[in-house]
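Novice: So that you have it, the file is entry_20.cif, and it contains mmCIF, N, CA and C atoms:
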```
data_upload
#
loop_
_atom_site.label_atom_id
_atom_site.label_comp_id
_atom_site.auth_asym_id
_atom_site.auth_seq_id
_atom_site.Cartn_x
_atom_site.Cartn_y
_atom_site.Cartn_z
N MET A 1 0.85 -1.18 0.00
CA MET A 1 0.00 0.00 0.00
C MET A 1 0.90 1.24 0.00
N THR A 2 0.77 2.08 -0.99
CA THR A 2 1.50 3.34 -1.05
C THR A 2 0.76 4.36 -0.19
N HIS A 3 1.47 4.95 0.74
CA HIS A 3 0.84 5.88 1.66
C HIS A 3 0.89 7.29 1.12
N ALA A 4 -0.29 7.90 1.00
CA ALA A 4 -0.37 9.26 0.53
C ALA A 4 -0.20 10.26 1.66
N PHE A 5 -0.46 9.80 2.90
CA PHE A 5 -0.42 10.71 4.03
C PHE A 5 -0.21 9.89 5.30
N THR A 6 0.60 10.41 6.22
CA THR A 6 0.87 9.75 7.49
C THR A 6 0.78 10.77 8.61
N ALA A 7 0.17 10.36 9.72
CA ALA A 7 0.07 11.24 10.90
C ALA A 7 0.14 10.40 12.16
N ASP A 8 0.81 10.92 13.17
CA ASP A 8 0.88 10.27 14.47
C ASP A 8 -0.13 10.89 15.42
N ARG A 9 -0.72 10.03 16.25
CA ARG A 9 -1.68 10.48 17.25
C ARG A 9 -1.44 9.71 18.55
N PRO A 10 -1.23 10.41 19.66
CA PRO A 10 -1.13 9.71 20.94
C PRO A 10 -2.53 9.35 21.45
N LEU A 11 -2.62 8.23 22.13
CA LEU A 11 -3.89 7.87 22.78
C LEU A 11 -3.90 8.53 24.15
N ARG A 12 -4.85 9.40 24.34
CA ARG A 12 -4.95 10.16 25.58
C ARG A 12 -6.01 9.56 26.50
N PHE A 13 -6.07 10.05 27.71
CA PHE A 13 -7.03 9.59 28.71
C PHE A 13 -8.45 9.57 28.14
N GLY A 14 -8.85 10.64 27.46
CA GLY A 14 -10.21 10.75 26.92
C GLY A 14 -10.50 9.83 25.75
N ASP A 15 -9.48 9.19 25.19
CA ASP A 15 -9.66 8.24 24.07
C ASP A 15 -9.87 6.82 24.56
N CYS A 16 -9.81 6.63 25.88
CA CYS A 16 -9.80 5.27 26.42
C CYS A 16 -10.98 5.03 27.36
N ASP A 17 -11.29 3.75 27.54
CA ASP A 17 -12.34 3.39 28.49
C ASP A 17 -11.74 3.28 29.89
N PHE A 18 -12.54 2.82 30.85
CA PHE A 18 -12.13 2.75 32.24
C PHE A 18 -10.88 1.91 32.45
N SER A 19 -10.67 0.90 31.60
CA SER A 19 -9.51 0.02 31.75
C SER A 19 -8.24 0.60 31.14
N GLY A 20 -8.35 1.76 30.45
CA GLY A 20 -7.20 2.35 29.79
C GLY A 20 -7.00 1.86 28.37
N THR A 21 -7.98 1.10 27.87
CA THR A 21 -7.93 0.56 26.51
C THR A 21 -8.63 1.54 25.56
N ALA A 22 -8.09 1.69 24.35
CA ALA A 22 -8.69 2.59 23.37
C ALA A 22 -10.15 2.24 23.17
N TYR A 23 -10.99 3.25 23.15
CA TYR A 23 -12.43 3.13 23.00
C TYR A 23 -12.73 3.37 21.52
N PHE A 24 -13.40 2.39 20.85
CA PHE A 24 -13.50 2.46 19.39
C PHE A 24 -14.15 3.74 18.87
N PRO A 25 -15.17 4.35 19.53
CA PRO A 25 -15.66 5.62 18.98
C PRO A 25 -14.57 6.70 18.96
N ALA A 26 -13.66 6.67 19.92
CA ALA A 26 -12.56 7.63 19.90
C ALA A 26 -11.63 7.36 18.73
N TYR A 27 -11.43 6.06 18.41
CA TYR A 27 -10.64 5.72 17.22
C TYR A 27 -11.21 6.41 15.99
N LEU A 28 -12.53 6.37 15.85
CA LEU A 28 -13.16 6.97 14.66
C LEU A 28 -13.01 8.48 14.66
N ASN A 29 -13.05 9.09 15.82
CA ASN A 29 -12.82 10.53 15.91
C ASN A 29 -11.38 10.87 15.51
N LEU A 30 -10.43 10.05 15.96
CA LEU A 30 -9.03 10.26 15.55
C LEU A 30 -8.88 10.09 14.05
N LEU A 31 -9.51 9.06 13.49
CA LEU A 31 -9.45 8.81 12.05
C LEU A 31 -10.00 10.01 11.27
N ASN A 32 -11.13 10.55 11.73
CA ASN A 32 -11.72 11.71 11.07
C ASN A 32 -10.78 12.91 11.10
N GLY A 33 -10.09 13.09 12.22
CA GLY A 33 -9.11 14.18 12.31
C GLY A 33 -7.96 14.00 11.33
N VAL A 34 -7.52 12.76 11.13
CA VAL A 34 -6.46 12.49 10.16
C VAL A 34 -6.96 12.78 8.75
N VAL A 35 -8.19 12.39 8.43
CA VAL A 35 -8.75 12.66 7.10
C VAL A 35 -8.87 14.18 6.88
N GLU A 36 -9.29 14.90 7.90
CA GLU A 36 -9.36 16.37 7.79
C GLU A 36 -7.98 16.95 7.53
N GLU A 37 -6.98 16.44 8.24
CA GLU A 37 -5.60 16.90 8.04
C GLU A 37 -5.09 16.56 6.63
N PHE A 38 -5.49 15.40 6.11
CA PHE A 38 -5.15 14.99 4.74
C PHE A 38 -5.67 16.02 3.74
N TRP A 39 -6.93 16.43 3.89
CA TRP A 39 -7.49 17.43 2.96
C TRP A 39 -6.78 18.77 3.07
N THR A 40 -6.38 19.14 4.28
CA THR A 40 -5.61 20.37 4.46
C THR A 40 -4.26 20.24 3.75
N HIS A 41 -3.62 19.10 3.91
CA HIS A 41 -2.34 18.83 3.24
C HIS A 41 -2.47 18.95 1.72
N LEU A 42 -3.61 18.52 1.18
CA LEU A 42 -3.83 18.61 -0.28
C LEU A 42 -4.11 20.03 -0.75
N GLY A 43 -4.51 20.91 0.17
CA GLY A 43 -4.81 22.29 -0.20
C GLY A 43 -6.28 22.65 -0.15
N TRP A 44 -7.10 21.74 0.36
CA TRP A 44 -8.54 22.01 0.50
C TRP A 44 -8.98 21.77 1.93
N PRO A 45 -8.59 22.68 2.83
CA PRO A 45 -8.99 22.51 4.23
C PRO A 45 -10.50 22.68 4.38
N TRP A 46 -11.08 21.83 5.19
CA TRP A 46 -12.54 21.85 5.36
C TRP A 46 -13.05 23.20 5.83
N HIS A 47 -12.26 23.90 6.67
CA HIS A 47 -12.73 25.19 7.18
C HIS A 47 -12.86 26.23 6.06
N ARG A 48 -12.26 25.96 4.90
CA ARG A 48 -12.40 26.86 3.75
C ARG A 48 -13.38 26.29 2.72
N THR A 49 -13.21 25.03 2.36
CA THR A 49 -14.02 24.47 1.27
C THR A 49 -15.50 24.40 1.63
N ILE A 50 -15.81 24.07 2.86
CA ILE A 50 -17.23 23.94 3.23
C ILE A 50 -17.94 25.29 3.18
N PRO A 51 -17.48 26.33 3.90
CA PRO A 51 -18.24 27.58 3.87
C PRO A 51 -18.05 28.45 2.63
N THR A 52 -16.87 28.40 2.00
CA THR A 52 -16.64 29.32 0.88
C THR A 52 -16.81 28.69 -0.49
N GLU A 53 -16.50 27.38 -0.62
CA GLU A 53 -16.67 26.72 -1.90
C GLU A 53 -17.95 25.89 -1.96
N GLY A 54 -18.53 25.63 -0.79
CA GLY A 54 -19.84 24.99 -0.73
C GLY A 54 -19.86 23.49 -0.95
N TRP A 55 -18.70 22.84 -0.85
CA TRP A 55 -18.69 21.38 -0.97
C TRP A 55 -17.93 20.77 0.19
N GLY A 56 -18.26 19.50 0.45
CA GLY A 56 -17.61 18.77 1.52
C GLY A 56 -17.41 17.32 1.12
N THR A 57 -16.94 16.52 2.05
CA THR A 57 -16.59 15.13 1.76
C THR A 57 -17.12 14.19 2.85
N PRO A 58 -18.43 14.04 2.96
CA PRO A 58 -18.94 13.15 4.00
C PRO A 58 -18.57 11.69 3.74
N THR A 59 -18.44 10.95 4.83
CA THR A 59 -18.21 9.51 4.73
C THR A 59 -19.52 8.84 4.39
N VAL A 60 -19.50 7.99 3.35
CA VAL A 60 -20.71 7.26 2.96
C VAL A 60 -20.58 5.76 3.22
N HIS A 61 -19.36 5.31 3.50
CA HIS A 61 -19.16 3.91 3.85
C HIS A 61 -17.87 3.79 4.65
N LEU A 62 -17.90 2.93 5.67
CA LEU A 62 -16.72 2.74 6.51
C LEU A 62 -16.74 1.32 7.07
N THR A 63 -15.63 0.62 6.92
CA THR A 63 -15.45 -0.69 7.55
C THR A 63 -14.15 -0.65 8.35
N CYS A 64 -14.15 -1.33 9.48
CA CYS A 64 -12.98 -1.37 10.35
C CYS A 64 -12.73 -2.80 10.81
N ASP A 65 -11.46 -3.14 10.94
CA ASP A 65 -11.05 -4.40 11.51
C ASP A 65 -10.01 -4.10 12.58
N PHE A 66 -10.26 -4.60 13.79
CA PHE A 66 -9.38 -4.34 14.92
C PHE A 66 -8.51 -5.57 15.17
N ALA A 67 -7.19 -5.39 15.11
CA ALA A 67 -6.26 -6.51 15.22
C ALA A 67 -5.72 -6.70 16.64
N LYS A 68 -5.50 -5.60 17.33
CA LYS A 68 -4.88 -5.67 18.65
C LYS A 68 -5.27 -4.43 19.44
N ALA A 69 -5.46 -4.60 20.73
CA ALA A 69 -5.86 -3.47 21.58
C ALA A 69 -4.73 -2.44 21.69
N SER A 70 -5.14 -1.21 21.84
CA SER A 70 -4.20 -0.11 22.11
C SER A 70 -4.52 0.44 23.49
N ARG A 71 -3.51 1.01 24.12
CA ARG A 71 -3.68 1.49 25.48
C ARG A 71 -3.28 2.96 25.59
N MET A 72 -3.82 3.59 26.61
CA MET A 72 -3.50 4.98 26.89
C MET A 72 -1.99 5.17 26.90
N GLY A 73 -1.51 6.18 26.19
CA GLY A 73 -0.08 6.47 26.10
C GLY A 73 0.56 5.95 24.83
N ASP A 74 -0.09 4.97 24.16
CA ASP A 74 0.44 4.50 22.88
C ASP A 74 0.41 5.64 21.86
N VAL A 75 1.39 5.68 20.99
CA VAL A 75 1.39 6.62 19.87
C VAL A 75 1.07 5.82 18.62
N LEU A 76 -0.05 6.16 18.00
CA LEU A 76 -0.52 5.45 16.81
C LEU A 76 -0.10 6.21 15.56
N THR A 77 0.37 5.48 14.58
CA THR A 77 0.70 6.06 13.28
C THR A 77 -0.40 5.67 12.30
N PHE A 78 -1.07 6.69 11.78
CA PHE A 78 -2.15 6.51 10.81
C PHE A 78 -1.55 6.67 9.41
N ARG A 79 -1.73 5.67 8.58
CA ARG A 79 -1.25 5.72 7.20
C ARG A 79 -2.47 5.65 6.29
N LEU A 80 -2.63 6.65 5.48
CA LEU A 80 -3.77 6.78 4.58
C LEU A 80 -3.30 6.59 3.15
N ALA A 81 -4.04 5.79 2.39
CA ALA A 81 -3.72 5.57 0.97
C ALA A 81 -4.98 5.77 0.15
N VAL A 82 -4.81 6.38 -1.02
CA VAL A 82 -5.92 6.53 -1.96
C VAL A 82 -5.98 5.27 -2.82
N LEU A 83 -7.12 4.61 -2.79
CA LEU A 83 -7.30 3.38 -3.57
C LEU A 83 -7.97 3.63 -4.91
N LYS A 84 -8.96 4.54 -4.92
CA LYS A 84 -9.72 4.78 -6.15
C LYS A 84 -10.38 6.15 -6.10
N VAL A 85 -10.34 6.83 -7.23
CA VAL A 85 -11.05 8.10 -7.38
C VAL A 85 -12.17 7.87 -8.37
N GLY A 86 -13.40 8.00 -7.91
CA GLY A 86 -14.57 7.87 -8.78
C GLY A 86 -15.03 9.23 -9.26
N ARG A 87 -16.15 9.26 -9.94
CA ARG A 87 -16.71 10.52 -10.45
C ARG A 87 -16.96 11.50 -9.31
N SER A 88 -17.55 11.00 -8.24
CA SER A 88 -17.82 11.84 -7.08
C SER A 88 -17.48 11.13 -5.77
N SER A 89 -16.71 10.07 -5.85
CA SER A 89 -16.35 9.33 -4.64
C SER A 89 -14.84 9.14 -4.56
N LEU A 90 -14.41 8.78 -3.37
CA LEU A 90 -13.00 8.55 -3.10
C LEU A 90 -12.90 7.39 -2.12
N ARG A 91 -12.18 6.34 -2.50
CA ARG A 91 -12.00 5.19 -1.61
C ARG A 91 -10.61 5.26 -1.01
N LEU A 92 -10.57 5.23 0.33
CA LEU A 92 -9.32 5.33 1.09
C LEU A 92 -9.09 4.06 1.89
N ALA A 93 -7.83 3.70 2.06
CA ALA A 93 -7.44 2.63 2.97
C ALA A 93 -6.65 3.26 4.10
N HIS A 94 -6.90 2.79 5.30
CA HIS A 94 -6.20 3.27 6.48
C HIS A 94 -5.54 2.09 7.18
N GLU A 95 -4.30 2.28 7.58
CA GLU A 95 -3.57 1.29 8.36
C GLU A 95 -3.04 2.01 9.59
N ILE A 96 -3.39 1.49 10.76
CA ILE A 96 -3.01 2.15 12.00
C ILE A 96 -2.11 1.21 12.79
N ARG A 97 -0.92 1.70 13.12
CA ARG A 97 0.08 0.90 13.81
C ARG A 97 0.58 1.63 15.05
N CYS A 98 1.10 0.84 15.97
CA CYS A 98 1.86 1.36 17.10
C CYS A 98 3.23 0.70 16.97
N GLY A 99 4.21 1.47 16.53
CA GLY A 99 5.50 0.89 16.19
C GLY A 99 5.31 -0.07 15.03
N ASP A 100 5.74 -1.31 15.20
CA ASP A 100 5.59 -2.33 14.15
C ASP A 100 4.29 -3.10 14.28
N ASP A 101 3.55 -2.90 15.36
CA ASP A 101 2.32 -3.66 15.61
C ASP A 101 1.13 -3.06 14.88
N LEU A 102 0.48 -3.87 14.05
CA LEU A 102 -0.77 -3.45 13.42
C LEU A 102 -1.86 -3.44 14.48
N ARG A 103 -2.55 -2.32 14.64
CA ARG A 103 -3.61 -2.22 15.63
C ARG A 103 -4.99 -2.31 14.98
N TRP A 104 -5.18 -1.62 13.84
CA TRP A 104 -6.45 -1.73 13.15
C TRP A 104 -6.33 -1.18 11.75
N THR A 105 -7.28 -1.57 10.91
CA THR A 105 -7.35 -1.08 9.54
C THR A 105 -8.78 -0.61 9.27
N ALA A 106 -8.90 0.23 8.27
CA ALA A 106 -10.22 0.70 7.87
C ALA A 106 -10.21 0.98 6.37
N GLU A 107 -11.37 0.84 5.79
CA GLU A 107 -11.57 1.27 4.41
C GLU A 107 -12.76 2.22 4.43
N GLN A 108 -12.61 3.33 3.74
CA GLN A 108 -13.57 4.42 3.83
C GLN A 108 -13.88 4.95 2.44
N VAL A 109 -15.15 5.27 2.22
CA VAL A 109 -15.55 5.92 0.99
C VAL A 109 -16.11 7.29 1.35
N LEU A 110 -15.54 8.32 0.74
CA LEU A 110 -16.01 9.69 0.88
C LEU A 110 -16.74 10.08 -0.40
N ALA A 111 -17.67 11.00 -0.30
CA ALA A 111 -18.37 11.50 -1.49
C ALA A 111 -18.21 13.01 -1.57
N ALA A 112 -17.96 13.50 -2.77
CA ALA A 112 -17.99 14.95 -2.99
C ALA A 112 -19.45 15.36 -2.94
N CYS A 113 -19.76 16.35 -2.14
CA CYS A 113 -21.16 16.69 -1.87
C CYS A 113 -21.35 18.20 -1.85
N ARG A 114 -22.40 18.67 -2.51
CA ARG A 114 -22.80 20.08 -2.42
C ARG A 114 -23.48 20.25 -1.07
N ILE A 115 -22.94 21.06 -0.20
CA ILE A 115 -23.43 21.19 1.17
C ILE A 115 -24.87 21.70 1.21
N SER A 116 -25.25 22.60 0.33
CA SER A 116 -26.60 23.18 0.37
C SER A 116 -27.69 22.18 0.03
N THR A 117 -27.37 21.15 -0.74
CA THR A 117 -28.39 20.19 -1.17
C THR A 117 -28.12 18.76 -0.69
N TYR A 118 -26.92 18.53 -0.19
CA TYR A 118 -26.46 17.19 0.20
C TYR A 118 -26.47 16.22 -0.98
N ALA A 119 -26.36 16.75 -2.18
CA ALA A 119 -26.32 15.93 -3.39
C ALA A 119 -24.87 15.72 -3.82
N ALA A 120 -24.61 14.52 -4.33
CA ALA A 120 -23.27 14.22 -4.85
C ALA A 120 -22.98 15.12 -6.04
N ILE A 121 -21.71 15.52 -6.14
CA ILE A 121 -21.25 16.34 -7.26
C ILE A 121 -19.96 15.72 -7.80
N PRO A 122 -19.63 15.96 -9.06
CA PRO A 122 -18.32 15.50 -9.55
C PRO A 122 -17.22 16.26 -8.82
N TRP A 123 -16.07 15.60 -8.66
CA TRP A 123 -14.95 16.30 -8.06
C TRP A 123 -14.59 17.52 -8.89
N PRO A 124 -14.31 18.65 -8.28
CA PRO A 124 -13.77 19.77 -9.05
C PRO A 124 -12.52 19.29 -9.79
N PRO A 125 -12.31 19.74 -11.03
CA PRO A 125 -11.20 19.22 -11.85
C PRO A 125 -9.83 19.26 -11.16
N GLU A 126 -9.55 20.35 -10.45
CA GLU A 126 -8.24 20.46 -9.80
C GLU A 126 -8.10 19.48 -8.62
N VAL A 127 -9.22 19.18 -7.96
CA VAL A 127 -9.21 18.21 -6.87
C VAL A 127 -8.98 16.81 -7.44
N ARG A 128 -9.74 16.46 -8.48
CA ARG A 128 -9.60 15.15 -9.12
C ARG A 128 -8.16 14.95 -9.60
N ALA A 129 -7.60 15.96 -10.24
CA ALA A 129 -6.23 15.82 -10.76
C ALA A 129 -5.25 15.55 -9.63
N ARG A 130 -5.40 16.25 -8.53
CA ARG A 130 -4.49 16.05 -7.38
C ARG A 130 -4.68 14.66 -6.78
N LEU A 131 -5.93 14.25 -6.58
CA LEU A 131 -6.21 12.92 -6.00
C LEU A 131 -5.64 11.81 -6.87
N GLU A 132 -5.76 11.96 -8.18
CA GLU A 132 -5.30 10.90 -9.09
C GLU A 132 -3.78 10.74 -9.07
N THR A 133 -3.06 11.77 -8.63
CA THR A 133 -1.60 11.63 -8.52
C THR A 133 -1.22 10.74 -7.33
N LEU A 134 -2.17 10.45 -6.45
CA LEU A 134 -1.88 9.70 -5.23
C LEU A 134 -2.19 8.22 -5.32
N ILE A 135 -2.71 7.79 -6.46
CA ILE A 135 -3.07 6.37 -6.61
C ILE A 135 -1.83 5.55 -6.90
#
```
Translate this file's structure into structure tokens.
Specialist:
Amino acid sequence: MTHAFTADRPLRFGDCDFSGTAYFPAYLNLLNGVVEEFWTHLGWPWHRTIPTEGWGTPTVHLTCDFAKASRMGDVLTFRLAVLKVGRSSLRLAHEIRCGDDLRWTAEQVLAACRISTYAAIPWPPEVRARLETLI
């Protein structure tokens, strides 16, 4: 898997359950933050594209597989790869590790969406061109 983007995230107290083990809803919040950072890295930060350009990238499908528990204090490395760019969709693969240990994986589909109507739209040409360089 060729990684288009990598980010480290520490597991903090608020990301874990009473036992100190990572709580899966917190995992998804961390994943969403990495995806937001990926879009900023590409040049389309959500804080600009949503209010000024009127489009966003909601998740329309997500699958996760958890391989090994993570604990408070672990530093997780999120590796994001672009698998496919569709007319108005984007399929991403995520691999999350702590050091050499695989902790979990996810596959996610985002859709280009007009915020005012929640209707799918084709990727803007400059966005599509940039995304296609990452496959």
Novice: Could you please determine the separation between atom N of Ala81 in chain A and atom N of Pro58 in chain A in Å, to one decimal place?
Specialist: 16.6 Å
Novice: Using the chain letters and numbers from the file, which residues does the PyMOL selection byres (((chain A and resi 68-71 and name CA) around 12) and name CA) grab, as JSON, numbers by chain?
Specialist: {"A": [9, 10, 11, 12, 13, 14, 15, 16, 17, 18, 19, 20, 21, 22, 23, 24, 26, 27, 65, 66, 67, 72, 73, 74, 75, 76, 77, 96, 97, 98, 99, 100, 101, 102, 103, 104, 105]}
Novice: Which of range 5-98 of chain A end up as alpha helix (DSSP H) when DSSP is run on this backbone - answer as a list of chain:residue names?
Specialist: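 These are the residues in question: A:Phe24, A:Pro25, A:Ala26, A:Tyr27, A:Leu28, A:Asn29, A:Leu30, A:Leu31, A:Asn32, A:Gly33, A:Val34, A:Val35, A:Glu36, A:Glu37, A:Phe38, A:Trp39, A:Thr40, A:His41, A:Leu42, A:Trp46, A:His47, A:Arg48.
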Novice: In Å to one decimal, how far is atom C of Thr40 in chain A from atom C of Gly54 in chain A?
Specialist: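 So the two atoms, atom C of Gly54 in chain A and atom C of Thr40 in chain A, lie 16.6 Å apart.
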Novice: One decimal, in Å: what's the spacing between CA of Glu95 in chain A and atom N of Ala4 in chain A?
Specialist: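 If I compute the distance from CA of Glu95 in chain A to atom N of Ala4 in chain A, I get 10.4 Å.
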Novice: Step one, run DSSP on the backbone; step two, keep only residues of range 33-71 of chain A assigned to strand (DSSP E or B); then write them as a ChimeraX atom specification.
Specialist: /A:55-56,59-66,71
Novice: Could you please take those selected residues and save N, CA and C atoms as a compact mmCIF listing (two decimals), in the frame of the given file?
Specialist:
```
# COMPACT_ATOMS: atom_id res chain seq x y z
N TRP A 55 -18.70 22.84 -0.85
CA TRP A 55 -18.69 21.38 -0.97
C TRP A 55 -17.93 20.77 0.19
N GLY A 56 -18.26 19.50 0.45
CA GLY A 56 -17.61 18.77 1.52
C GLY A 56 -17.41 17.32 1.12
N THR A 59 -18.44 10.95 4.83
CA THR A 59 -18.21 9.51 4.73
C THR A 59 -19.52 8.84 4.39
N VAL A 60 -19.50 7.99 3.35
CA VAL A 60 -20.71 7.26 2.96
C VAL A 60 -20.58 5.76 3.22
N HIS A 61 -19.36 5.31 3.50
CA HIS A 61 -19.16 3.91 3.85
C HIS A 61 -17.87 3.79 4.65
N LEU A 62 -17.90 2.93 5.67
CA LEU A 62 -16.72 2.74 6.51
C LEU A 62 -16.74 1.32 7.07
N THR A 63 -15.63 0.62 6.92
CA THR A 63 -15.45 -0.69 7.55
C THR A 63 -14.15 -0.65 8.35
N CYS A 64 -14.15 -1.33 9.48
CA CYS A 64 -12.98 -1.37 10.35
C CYS A 64 -12.73 -2.80 10.81
N ASP A 65 -11.46 -3.14 10.94
CA ASP A 65 -11.05 -4.40 11.51
C ASP A 65 -10.01 -4.10 12.58
N PHE A 66 -10.26 -4.60 13.79
CA PHE A 66 -9.38 -4.34 14.92
C PHE A 66 -8.51 -5.57 15.17
N ARG A 71 -3.51 1.01 24.12
CA ARG A 71 -3.68 1.49 25.48
C ARG A 71 -3.28 2.96 25.59
```
Novice: Can you turn the PyMOL selection byres (((chain A and resi 56 and name CA) around 10) and name CA) into a concrete residue list for this file, as a VMD selection string?
Specialist: chain A and resid 44 to 51 53 to 55 57 to 59 110 to 115 118 120 to 121
Novice: Translate the PyMOL selection byres ((chain A and resi 86-91) around 5), as applied to the file shown, into an explicit residue set as a tab-separated table (two decimals) with N, CA and C atoms, keeping the file's coordinate frame.
Specialist:
```tsv
chain	number	residue	atom	x	y	z
A	82	VAL	N	-4.81	6.38	-1.02
A	82	VAL	CA	-5.92	6.53	-1.96
A	82	VAL	C	-5.98	5.27	-2.82
A	83	LEU	N	-7.12	4.61	-2.79
A	83	LEU	CA	-7.30	3.38	-3.57
A	83	LEU	C	-7.97	3.63	-4.91
A	84	LYS	N	-8.96	4.54	-4.92
A	84	LYS	CA	-9.72	4.78	-6.15
A	84	LYS	C	-10.38	6.15	-6.10
A	85	VAL	N	-10.34	6.83	-7.23
A	85	VAL	CA	-11.05	8.10	-7.38
A	85	VAL	C	-12.17	7.87	-8.37
A	92	LEU	N	-10.57	5.23	0.33
A	92	LEU	CA	-9.32	5.33	1.09
A	92	LEU	C	-9.09	4.06	1.89
A	93	ALA	N	-7.83	3.70	2.06
A	93	ALA	CA	-7.44	2.63	2.97
A	93	ALA	C	-6.65	3.26	4.10
A	108	GLN	N	-12.61	3.33	3.74
A	108	GLN	CA	-13.57	4.42	3.83
A	108	GLN	C	-13.88	4.95	2.44
A	109	VAL	N	-15.15	5.27	2.22
A	109	VAL	CA	-15.55	5.92	0.99
A	109	VAL	C	-16.11	7.29	1.35
A	110	LEU	N	-15.54	8.32	0.74
A	110	LEU	CA	-16.01	9.69	0.88
A	110	LEU	C	-16.74	10.08	-0.40
A	111	ALA	N	-17.67	11.00	-0.30
A	111	ALA	CA	-18.37	11.50	-1.49
A	111	ALA	C	-18.21	13.01	-1.57
A	112	ALA	N	-17.96	13.50	-2.77
A	112	ALA	CA	-17.99	14.95	-2.99
A	112	ALA	C	-19.45	15.36	-2.94
A	121	ILE	N	-21.71	15.52	-6.14
A	121	ILE	CA	-21.25	16.34	-7.26
A	121	ILE	C	-19.96	15.72	-7.80
A	122	PRO	N	-19.63	15.96	-9.06
A	122	PRO	CA	-18.32	15.50	-9.55
A	122	PRO	C	-17.22	16.26	-8.82
A	123	TRP	N	-16.07	15.60	-8.66
A	123	TRP	CA	-14.95	16.30	-8.06
A	123	TRP	C	-14.59	17.52	-8.89
```
Novice: Please give the centre and size of the box around range 14-19 of chain A (axis-aligned, containing every atom listed in the file, 6 Å added per side), with values in Å to one decimal and written as JSON.
Specialist:
```
{"center_x": -10.4, "center_y": 5.4, "center_z": 28.3, "size_x": 16.3, "size_y": 22.7, "size_z": 20.4}
```
Novice: Taking (1.8, 13.5, 5.5) in the file's coordinates as the center, which residues reach within 8 Å of it, counting only N, CA and C atoms, put as an MDAnalysis selection string?
Specialist: chainID A and resid 3:7 37:38 41
